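Enquirer: Supplied structure: work.pdb, PDB, C-alpha atoms and all ligand atoms.
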```pdb
ATOM      1  CA  MET S   1       4.986  20.775   3.345  1.00  0.00           C
ATOM      2  CA  ILE S   2       3.431  18.673   0.601  1.00  0.00           C
ATOM      3  CA  PRO S   3      -0.216  18.033   1.677  1.00  0.00           C
ATOM      4  CA  PHE S   4      -0.062  14.260   1.170  1.00  0.00           C
ATOM      5  CA  ASN S   5      -3.241  13.807   3.181  1.00  0.00           C
ATOM      6  CA  ARG S   6      -5.194  15.498   0.385  1.00  0.00           C
ATOM      7  CA  LEU S   7      -3.304  13.972  -2.534  1.00  0.00           C
ATOM      8  CA  GLY S   8      -4.305  10.319  -2.250  1.00  0.00           C
ATOM      9  CA  TRP S   9      -6.493  10.341  -5.370  1.00  0.00           C
ATOM     10  CA  ILE S  10      -3.691  11.910  -7.437  1.00  0.00           C
ATOM     11  CA  PHE S  11      -1.144   9.310  -6.292  1.00  0.00           C
ATOM     12  CA  LYS S  12      -3.675   6.531  -6.885  1.00  0.00           C
ATOM     13  CA  ALA S  13      -4.290   7.740 -10.437  1.00  0.00           C
ATOM     14  CA  PHE S  14      -0.809   8.748 -11.551  1.00  0.00           C
ATOM     15  CA  ALA S  15       1.908   7.057  -9.445  1.00  0.00           C
ATOM     16  CA  PRO S  16       1.659   3.739 -11.341  1.00  0.00           C
ATOM     17  CA  MET S  17       2.480   5.591 -14.577  1.00  0.00           C
ATOM     18  CA  ILE S  18       5.684   7.136 -13.264  1.00  0.00           C
ATOM     19  CA  TYR S  19       7.174   3.956 -11.796  1.00  0.00           C
ATOM     20  CA  PRO S  20       9.548   2.665 -14.488  1.00  0.00           C
ATOM     21  CA  THR S  21       9.312  -0.983 -15.501  1.00  0.00           C
ATOM     22  CA  TYR S  22      12.919  -1.614 -14.430  1.00  0.00           C
ATOM     23  CA  ILE S  23      12.175  -0.400 -10.902  1.00  0.00           C
ATOM     24  CA  ARG S  24       9.150  -2.733 -10.694  1.00  0.00           C
ATOM     25  CA  GLN S  25      11.375  -5.554 -11.948  1.00  0.00           C
ATOM     26  CA  SER S  26      14.053  -4.759  -9.343  1.00  0.00           C
ATOM     27  CA  LEU S  27      11.327  -4.969  -6.672  1.00  0.00           C
ATOM     28  CA  CYS S  28      10.273  -8.403  -7.976  1.00  0.00           C
ATOM     29  CA  ASP S  29      13.923  -9.526  -7.939  1.00  0.00           C
ATOM     30  CA  PHE S  30      14.217  -8.299  -4.333  1.00  0.00           C
ATOM     31  CA  LEU S  31      11.049 -10.173  -3.236  1.00  0.00           C
ATOM     32  CA  GLN S  32      11.803 -13.381  -5.066  1.00  0.00           C
ATOM     33  CA  PRO S  33      14.049 -15.018  -2.363  1.00  0.00           C
ATOM     34  CA  LEU S  34      11.632 -14.338   0.525  1.00  0.00           C
ATOM     35  CA  LYS S  35      10.040 -17.346   2.216  1.00  0.00           C
ATOM     36  CA  LYS S  36       6.448 -18.340   1.405  1.00  0.00           C
ATOM     37  CA  GLY S  37       3.931 -16.084   3.173  1.00  0.00           C
ATOM     38  CA  ALA S  38       6.624 -13.576   4.199  1.00  0.00           C
ATOM     39  CA  LYS S  39       5.475 -10.466   6.083  1.00  0.00           C
ATOM     40  CA  VAL S  40       6.323  -7.315   4.135  1.00  0.00           C
ATOM     41  CA  LEU S  41       5.897  -3.715   5.355  1.00  0.00           C
ATOM     42  CA  ASP S  42       5.719  -0.768   2.926  1.00  0.00           C
ATOM     43  CA  ILE S  43       6.796   2.395   4.826  1.00  0.00           C
ATOM     44  CA  GLY S  44       5.718   5.805   3.509  1.00  0.00           C
ATOM     45  CA  SER S  45       3.423   3.651   1.443  1.00  0.00           C
ATOM     46  CA  GLY S  46       1.147   6.419   0.248  1.00  0.00           C
ATOM     47  CA  THR S  47      -1.682   4.515  -1.459  1.00  0.00           C
ATOM     48  CA  GLY S  48       0.238   1.245  -1.142  1.00  0.00           C
ATOM     49  CA  ILE S  49       1.576   1.204  -4.653  1.00  0.00           C
ATOM     50  CA  LEU S  50       4.610  -0.917  -3.757  1.00  0.00           C
ATOM     51  CA  CYS S  51       2.234  -3.388  -2.099  1.00  0.00           C
ATOM     52  CA  GLU S  52       0.282  -3.568  -5.361  1.00  0.00           C
ATOM     53  CA  PHE S  53       3.453  -4.148  -7.383  1.00  0.00           C
ATOM     54  CA  SER S  54       4.596  -6.735  -4.817  1.00  0.00           C
ATOM     55  CA  ALA S  55       1.308  -8.645  -5.024  1.00  0.00           C
ATOM     56  CA  ARG S  56       1.765  -8.871  -8.793  1.00  0.00           C
ATOM     57  CA  CYS S  57       5.217 -10.450  -8.266  1.00  0.00           C
ATOM     58  CA  ARG S  58       4.149 -12.789  -5.454  1.00  0.00           C
ATOM     59  CA  GLU S  59       0.568 -13.600  -4.457  1.00  0.00           C
ATOM     60  CA  ASP S  60       1.538 -15.293  -1.172  1.00  0.00           C
ATOM     61  CA  LEU S  61       3.016 -12.279   0.665  1.00  0.00           C
ATOM     62  CA  GLN S  62       1.347 -10.724   3.750  1.00  0.00           C
ATOM     63  CA  LEU S  63       1.434  -7.039   2.841  1.00  0.00           C
ATOM     64  CA  GLU S  64       1.135  -4.127   5.267  1.00  0.00           C
ATOM     65  CA  ALA S  65       1.327  -0.391   4.566  1.00  0.00           C
ATOM     66  CA  LEU S  66       2.348   2.406   6.934  1.00  0.00           C
ATOM     67  CA  ASP S  67       2.002   6.141   6.361  1.00  0.00           C
ATOM     68  CA  PRO S  68       1.142   9.176   8.516  1.00  0.00           C
ATOM     69  CA  ALA S  69      -1.371  10.379   5.883  1.00  0.00           C
ATOM     70  CA  ARG S  70      -4.785   8.760   6.308  1.00  0.00           C
ATOM     71  CA  GLY S  71      -5.859  10.389   3.048  1.00  0.00           C
ATOM     72  CA  MET S  72      -3.275   8.238   1.239  1.00  0.00           C
ATOM     73  CA  LEU S  73      -3.873   5.006   3.152  1.00  0.00           C
ATOM     74  CA  LYS S  74      -7.587   5.010   2.396  1.00  0.00           C
ATOM     75  CA  TYR S  75      -6.741   4.180  -1.250  1.00  0.00           C
ATOM     76  CA  ALA S  76      -4.723   1.069  -0.327  1.00  0.00           C
ATOM     77  CA  PRO S  77      -6.017  -2.201  -1.758  1.00  0.00           C
ATOM     78  CA  SER S  78      -8.337  -4.190   0.529  1.00  0.00           C
ATOM     79  CA  TYR S  79      -5.823  -7.037   0.886  1.00  0.00           C
ATOM     80  CA  VAL S  80      -3.285  -4.647   2.498  1.00  0.00           C
ATOM     81  CA  LYS S  81      -3.388  -4.030   6.270  1.00  0.00           C
ATOM     82  CA  THR S  82      -2.781  -0.320   6.946  1.00  0.00           C
ATOM     83  CA  HIS S  83      -1.164   1.578   9.840  1.00  0.00           C
ATOM     84  CA  GLU S  84      -1.307   5.346  10.359  1.00  0.00           C
ATOM     85  CA  ALA S  85       2.134   6.089  11.841  1.00  0.00           C
ATOM     86  CA  TYR S  86       5.618   7.502  11.259  1.00  0.00           C
ATOM     87  CA  ALA S  87       8.736   5.595  10.224  1.00  0.00           C
ATOM     88  CA  GLU S  88      10.584   7.092  13.190  1.00  0.00           C
ATOM     89  CA  ALA S  89       8.229   5.386  15.707  1.00  0.00           C
ATOM     90  CA  LEU S  90       7.047   2.093  14.252  1.00  0.00           C
ATOM     91  CA  PRO S  91       4.049   0.674  16.172  1.00  0.00           C
ATOM     92  CA  PHE S  92       5.279  -2.934  16.044  1.00  0.00           C
ATOM     93  CA  GLU S  93       7.017  -5.435  18.277  1.00  0.00           C
ATOM     94  CA  SER S  94      10.617  -6.270  17.386  1.00  0.00           C
ATOM     95  CA  THR S  95      11.615  -8.821  14.696  1.00  0.00           C
ATOM     96  CA  LEU S  96       8.136  -8.955  13.123  1.00  0.00           C
ATOM     97  CA  PHE S  97       8.808  -8.418   9.402  1.00  0.00           C
ATOM     98  CA  ASP S  98      10.727 -10.360   6.782  1.00  0.00           C
ATOM     99  CA  ALA S  99      11.093  -7.355   4.493  1.00  0.00           C
ATOM    100  CA  ILE S 100      10.546  -3.604   4.439  1.00  0.00           C
ATOM    101  CA  LEU S 101      10.040  -1.352   1.406  1.00  0.00           C
ATOM    102  CA  LEU S 102      10.589   2.399   1.016  1.00  0.00           C
ATOM    103  CA  GLY S 103       9.567   3.814  -2.364  1.00  0.00           C
ATOM    104  CA  GLU S 104      10.331   7.512  -2.964  1.00  0.00           C
ATOM    105  CA  THR S 105      10.008   7.955   0.800  1.00  0.00           C
ATOM    106  CA  LEU S 106      13.508   8.059   2.291  1.00  0.00           C
ATOM    107  CA  HIS S 107      13.938  11.737   1.379  1.00  0.00           C
ATOM    108  CA  HIS S 108      10.631  12.635   3.093  1.00  0.00           C
ATOM    109  CA  LEU S 109      11.662  11.286   6.500  1.00  0.00           C
ATOM    110  CA  ASN S 110      12.323  13.803   9.250  1.00  0.00           C
ATOM    111  CA  ASP S 111      14.971  11.694  10.997  1.00  0.00           C
ATOM    112  CA  VAL S 112      16.493   9.109   8.678  1.00  0.00           C
ATOM    113  CA  GLU S 113      18.829   7.508  11.260  1.00  0.00           C
ATOM    114  CA  LYS S 114      15.982   7.090  13.767  1.00  0.00           C
ATOM    115  CA  ALA S 115      13.840   5.481  11.051  1.00  0.00           C
ATOM    116  CA  ILE S 116      16.645   3.102  10.072  1.00  0.00           C
ATOM    117  CA  GLN S 117      17.091   2.086  13.723  1.00  0.00           C
ATOM    118  CA  GLU S 118      13.362   1.385  13.899  1.00  0.00           C
ATOM    119  CA  ILE S 119      13.455  -0.573  10.636  1.00  0.00           C
ATOM    120  CA  ARG S 120      16.370  -2.655  11.946  1.00  0.00           C
ATOM    121  CA  ARG S 121      14.430  -3.315  15.160  1.00  0.00           C
ATOM    122  CA  VAL S 122      11.259  -4.606  13.489  1.00  0.00           C
ATOM    123  CA  LEU S 123      13.100  -6.680  10.867  1.00  0.00           C
ATOM    124  CA  ARG S 124      13.793 -10.316  11.615  1.00  0.00           C
ATOM    125  CA  PRO S 125      17.429 -11.434  11.712  1.00  0.00           C
ATOM    126  CA  ASP S 126      18.406 -11.785   8.049  1.00  0.00           C
ATOM    127  CA  GLY S 127      15.460  -9.492   7.133  1.00  0.00           C
ATOM    128  CA  ARG S 128      15.620  -7.455   3.930  1.00  0.00           C
ATOM    129  CA  LEU S 129      15.247  -3.754   3.164  1.00  0.00           C
ATOM    130  CA  TYR S 130      14.424  -2.309  -0.274  1.00  0.00           C
ATOM    131  CA  ILE S 131      14.779   1.412  -0.982  1.00  0.00           C
ATOM    132  CA  TYR S 132      13.999   3.281  -4.185  1.00  0.00           C
ATOM    133  CA  ASP S 133      15.067   6.930  -4.244  1.00  0.00           C
ATOM    134  CA  PHE S 134      16.746   9.714  -6.227  1.00  0.00           C
ATOM    135  CA  ASP S 135      20.434  10.645  -6.440  1.00  0.00           C
ATOM    136  CA  PRO S 136      20.770  14.412  -5.719  1.00  0.00           C
ATOM    137  CA  THR S 137      24.085  14.596  -7.572  1.00  0.00           C
ATOM    138  CA  GLU S 138      22.359  13.809 -10.887  1.00  0.00           C
ATOM    139  CA  TRP S 139      20.730  16.904 -12.432  1.00  0.00           C
ATOM    140  CA  ILE S 140      17.134  15.631 -12.387  1.00  0.00           C
ATOM    141  CA  GLY S 141      17.628  14.377  -8.831  1.00  0.00           C
ATOM    142  CA  ASN S 142      18.907  17.817  -7.885  1.00  0.00           C
ATOM    143  CA  ILE S 143      15.860  19.516  -9.445  1.00  0.00           C
ATOM    144  CA  ILE S 144      13.581  17.209  -7.435  1.00  0.00           C
ATOM    145  CA  ARG S 145      15.602  17.984  -4.280  1.00  0.00           C
ATOM    146  CA  LYS S 146      15.375  21.750  -4.814  1.00  0.00           C
ATOM    147  CA  GLY S 147      11.643  21.503  -5.576  1.00  0.00           C
ATOM    148  CA  GLU S 148      10.961  19.567  -2.405  1.00  0.00           C
ATOM    149  CA  LEU S 149      13.022  21.927  -0.243  1.00  0.00           C
ATOM    150  CA  PHE S 150      11.090  24.827  -1.800  1.00  0.00           C
ATOM    151  CA  LEU S 151       7.846  23.093  -0.759  1.00  0.00           C
ATOM    152  CA  GLY S 152       9.116  22.760   2.834  1.00  0.00           C
ATOM    153  CA  GLU S 153       9.860  19.027   2.764  1.00  0.00           C
ATOM    154  CA  PRO S 154      12.864  17.673   4.713  1.00  0.00           C
ATOM    155  CA  GLY S 155      14.761  16.959   1.472  1.00  0.00           C
ATOM    156  CA  ASN S 156      16.831  14.179   3.006  1.00  0.00           C
ATOM    157  CA  PHE S 157      18.342  13.017  -0.251  1.00  0.00           C
ATOM    158  CA  PHE S 158      21.367  10.735  -0.070  1.00  0.00           C
ATOM    159  CA  LYS S 159      23.926   9.826  -2.672  1.00  0.00           C
ATOM    160  CA  PRO S 160      23.899   6.033  -3.048  1.00  0.00           C
ATOM    161  CA  GLU S 161      27.317   5.728  -1.389  1.00  0.00           C
ATOM    162  CA  GLU S 162      26.121   7.894   1.541  1.00  0.00           C
ATOM    163  CA  ILE S 163      23.046   5.790   2.330  1.00  0.00           C
ATOM    164  CA  LYS S 164      25.243   2.690   2.071  1.00  0.00           C
ATOM    165  CA  VAL S 165      27.457   4.038   4.868  1.00  0.00           C
ATOM    166  CA  VAL S 166      24.434   4.836   7.080  1.00  0.00           C
ATOM    167  CA  LEU S 167      22.888   1.392   6.540  1.00  0.00           C
ATOM    168  CA  GLU S 168      26.174  -0.383   7.240  1.00  0.00           C
ATOM    169  CA  LYS S 169      26.438   1.558  10.507  1.00  0.00           C
ATOM    170  CA  TYR S 170      23.143  -0.081  11.573  1.00  0.00           C
ATOM    171  CA  GLY S 171      24.169  -3.600  10.633  1.00  0.00           C
ATOM    172  CA  PHE S 172      23.053  -4.038   7.029  1.00  0.00           C
ATOM    173  CA  SER S 173      24.971  -5.473   4.126  1.00  0.00           C
ATOM    174  CA  VAL S 174      24.109  -3.321   1.133  1.00  0.00           C
ATOM    175  CA  GLU S 175      23.862  -3.678  -2.633  1.00  0.00           C
ATOM    176  CA  ILE S 176      23.074  -0.613  -4.754  1.00  0.00           C
ATOM    177  CA  LYS S 177      21.969  -0.358  -8.369  1.00  0.00           C
ATOM    178  CA  GLN S 178      21.924   2.976 -10.175  1.00  0.00           C
ATOM    179  CA  TYR S 179      19.641   3.839 -13.097  1.00  0.00           C
ATOM    180  CA  GLY S 180      20.539   7.432 -14.049  1.00  0.00           C
ATOM    181  CA  TYR S 181      19.130   9.704 -11.337  1.00  0.00           C
ATOM    182  CA  ARG S 182      17.229   6.793  -9.778  1.00  0.00           C
ATOM    183  CA  TYR S 183      18.740   4.120  -7.560  1.00  0.00           C
ATOM    184  CA  THR S 184      17.649   1.090  -5.596  1.00  0.00           C
ATOM    185  CA  VAL S 185      19.094  -0.383  -2.427  1.00  0.00           C
ATOM    186  CA  SER S 186      18.780  -4.046  -1.536  1.00  0.00           C
ATOM    187  CA  ALA S 187      20.035  -4.519   2.023  1.00  0.00           C
ATOM    188  CA  ARG S 188      20.142  -7.466   4.425  1.00  0.00           C
ATOM    189  CA  ALA S 189      20.217  -7.274   8.220  1.00  0.00           C
ATOM    190  CA  VAL S 190      23.351  -9.157   9.282  1.00  0.00           C
TER     191      VAL S 190
HETATM  192  C1  LIG Y 201       6.307  10.655  -2.460  1.00  0.00           C
HETATM  193  S1  LIG Y 201       5.193   9.797  -1.391  1.00  0.00           S
HETATM  194  C2  LIG Y 201       5.557   8.119  -1.859  1.00  0.00           C
HETATM  195  C3  LIG Y 201       4.355   7.245  -1.698  1.00  0.00           C
HETATM  196  C4  LIG Y 201       4.520   5.838  -2.282  1.00  0.00           C
HETATM  197  N1  LIG Y 201       5.567   5.106  -1.605  1.00  0.00           N
HETATM  198  C5  LIG Y 201       4.769   5.929  -3.763  1.00  0.00           C
HETATM  199  O1  LIG Y 201       5.827   5.501  -4.210  1.00  0.00           O
HETATM  200  O2  LIG Y 201       3.887   6.421  -4.482  1.00  0.00           O
HETATM  201  C6  LIG Y 201       5.982   9.917   0.202  1.00  0.00           C
HETATM  202  C7  LIG Y 201       5.125   9.363   1.330  1.00  0.00           C
HETATM  203  O3  LIG Y 201       5.885   9.410   2.538  1.00  0.00           O
HETATM  204  C8  LIG Y 201       5.011   9.697   3.586  1.00  0.00           C
HETATM  205  N2  LIG Y 201       5.791  10.197   4.745  1.00  0.00           N
HETATM  206  C9  LIG Y 201       6.211  11.462   4.979  1.00  0.00           C
HETATM  207  N3  LIG Y 201       6.880  11.522   6.147  1.00  0.00           N
HETATM  208  C10 LIG Y 201       6.880  10.256   6.652  1.00  0.00           C
HETATM  209  C11 LIG Y 201       7.409   9.674   7.838  1.00  0.00           C
HETATM  210  N4  LIG Y 201       8.099  10.409   8.724  1.00  0.00           N
HETATM  211  N5  LIG Y 201       7.208   8.352   8.042  1.00  0.00           N
HETATM  212  C12 LIG Y 201       6.548   7.605   7.125  1.00  0.00           C
HETATM  213  N6  LIG Y 201       6.039   8.102   5.977  1.00  0.00           N
HETATM  214  C13 LIG Y 201       6.200   9.414   5.746  1.00  0.00           C
HETATM  215  C14 LIG Y 201       4.038  10.708   3.006  1.00  0.00           C
HETATM  216  O4  LIG Y 201       2.835  10.812   3.753  1.00  0.00           O
HETATM  217  C15 LIG Y 201       3.851  10.145   1.599  1.00  0.00           C
HETATM  218  O5  LIG Y 201       2.732   9.294   1.513  1.00  0.00           O
END
```
What does the file become when written as structure tokens?
Ligand SMILES: C[S@@+](CC[C@H](N)C(=O)[O-])C[C@H]1O[C@@H](n2cnc3c(N)ncnc32)[C@H](O)[C@@H]1O
Expert:
Amino acid sequence: MIPFNRLGWIFKAFAPMIYPTYIRQSLCDFLQPLKKGAKVLDIGSGTGILCEFSARCREDLQLEALDPARGMLKYAPSYVKTHEAYAEALPFESTLFDAILLGETLHHLNDVEKAIQEIRRVLRPDGRLYIYDFDPTEWIGNIIRKGELFLGEPGNFFKPEEIKVVLEKYGFSVEIKQYGYRYTVSARAV
């Protein structure tokens, strides 16, 4: 297992450098249609980097971060409310959030379908889901997948068309954009 609980300072220092500009822009594009003051939850937030990027796109959002690793959450910005929990058992009432973000986290989940059911439950009707992950059929994506499996991570990597099928099964309409081995999902609960 990757010891995320001890790696918060590394993610805080280096993660911003490895997020490409076009991924940050796709996040801004995703957030742009949300209503004023929308509630947004970053799952597998680590240090809350997607919350930081989101706040730079829109100052009015209510940002919350959820991660099982306290050692990551303690680096989240002060304007972000944090929750120590797992995606598979979200500690929230139903239909609470307008949008949910998953950045480089989908492949770390132990039970992806359970997490997607939970995400669907806590999203409002018409709520939005943003995912950024790696395509294991591209060679760099496959190296990342093998590396993570070697380190004992779940390695739940999906091809874009595979995650589309799973999300549609749980009532999302899905749009995917591919950038080499990286891809983003913009989904809407219908
Ligand atoms: C590669 S880090 C990504 C962190 C951050 N989103 C980023 O882009 O820098 C993956 C994160 O997923 C978290 N994680 C692992 N299993 C999880 C689970 N079952 N539910 C929620 N988060 C999980 C880890 O603790 C870690 O912080």
Enquirer: Smallest atom-to-atom distance to ligand LIG 201 (chain Y): which of S:Ala13, S:Leu167, S:Val80, S:Cys57, using all atoms listed in the file?
Expert: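 Looking only at the distances to ligand LIG 201 (chain Y), the closest residue turns out to be S:Ala13.
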Enquirer: Per residue of chain S within 6 Å of ligand LIG 201 (chain Y), note the shortest atom pair and the distance in Å to one decimal, counting all atoms listed in the file, and order the rows by chain and increasing residue number, as a Markdown table.
Expert:
```
| residue | atom | partner | partner_atom | distance |
| --- | --- | --- | --- | --- |
| S:Phe4 | CA | Y:LIG201 | O4 | 5.2 |
| S:Ala15 | CA | Y:LIG201 | O2 | 5.4 |
| S:Ile43 | CA | Y:LIG201 | C12 | 5.7 |
| S:Gly44 | CA | Y:LIG201 | N6 | 3.4 |
| S:Ser45 | CA | Y:LIG201 | N1 | 4.0 |
| S:Gly46 | CA | Y:LIG201 | O5 | 3.5 |
| S:Ile49 | CA | Y:LIG201 | O2 | 5.7 |
| S:Asp67 | CA | Y:LIG201 | N6 | 4.5 |
| S:Pro68 | CA | Y:LIG201 | O4 | 5.3 |
| S:Ala69 | CA | Y:LIG201 | O4 | 4.7 |
| S:Tyr86 | CA | Y:LIG201 | N5 | 3.7 |
| S:Ala87 | CA | Y:LIG201 | N5 | 3.8 |
| S:Gly103 | CA | Y:LIG201 | N1 | 4.3 |
| S:Glu104 | CA | Y:LIG201 | C2 | 4.9 |
| S:Thr105 | CA | Y:LIG201 | C6 | 4.5 |
| S:His108 | CA | Y:LIG201 | C9 | 4.9 |
| S:Leu109 | CA | Y:LIG201 | N4 | 4.3 |
| S:Asn110 | CA | Y:LIG201 | N4 | 5.4 |
```
Enquirer: Which neighbours of Lys39 in chain S fall inside 9 Å, counting only C-alpha atoms, when residues of the same chain fewer than 6 positions from it are skipped, and could you give them as a ChimeraX atom specification?
Expert: /S:61-64,96-100
Enquirer: Given the file shown, determine the residues that the PyMOL selection byres (((chain S and resi 2) around 10) and not hetatm) selects; report them as an NGL selection string.
Expert: :S and (1 or 3-7 or 108 or 148 or 151-153)
Enquirer: Run the PyMOL selection byres (((chain S and resi 23) around 10) and not hetatm) on the file and write out the hits as a PyMOL selection string.
Expert: chain S and resi 19-22+24-29+103+132+179+182-184
Enquirer: May I have the residues from that selection written out with C-alpha atoms, as a CSV table (one decimal), keeping the file's coordinate frame?
Expert:
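Result file is result_12.csv:
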```csv
chain,number,residue,atom,x,y,z
S,19,TYR,CA,7.2,4.0,-11.8
S,20,PRO,CA,9.5,2.7,-14.5
S,21,THR,CA,9.3,-1.0,-15.5
S,22,TYR,CA,12.9,-1.6,-14.4
S,24,ARG,CA,9.2,-2.7,-10.7
S,25,GLN,CA,11.4,-5.6,-11.9
S,26,SER,CA,14.1,-4.8,-9.3
S,27,LEU,CA,11.3,-5.0,-6.7
S,28,CYS,CA,10.3,-8.4,-8.0
S,29,ASP,CA,13.9,-9.5,-7.9
S,103,GLY,CA,9.6,3.8,-2.4
S,132,TYR,CA,14.0,3.3,-4.2
S,179,TYR,CA,19.6,3.8,-13.1
S,182,ARG,CA,17.2,6.8,-9.8
S,183,TYR,CA,18.7,4.1,-7.6
S,184,THR,CA,17.6,1.1,-5.6
```
Enquirer: Could you write out as an MDAnalysis selection string the residues that the PyMOL selection byres (((chain S and resi 128) around 9) and not hetatm) matches in the shown file?
Expert: chainID S and resid 30:31 34 97:101 123:127 129:130 172 186:189
Enquirer: Quick one: of S:Gly171, S:Tyr181, S:Thr82, S:Glu88, who's nearest to Ile143 in chain S, counting all atoms listed in the file?
Expert: S:Tyr181
Enquirer: For each of S:Phe150, S:Phe157, S:Phe92, S:Phe53, take the minimum atom-to-atom distance to Ala76 in chain S, counting only C-alpha atoms, then give the residue where this is smallest.
Expert: S:Phe53
Enquirer: When you draw a straight line from CA of Asp135 in chain S to CA of Arg70 in chain S, how long is it in Å?
Expert: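 The value is 28.3 Å.
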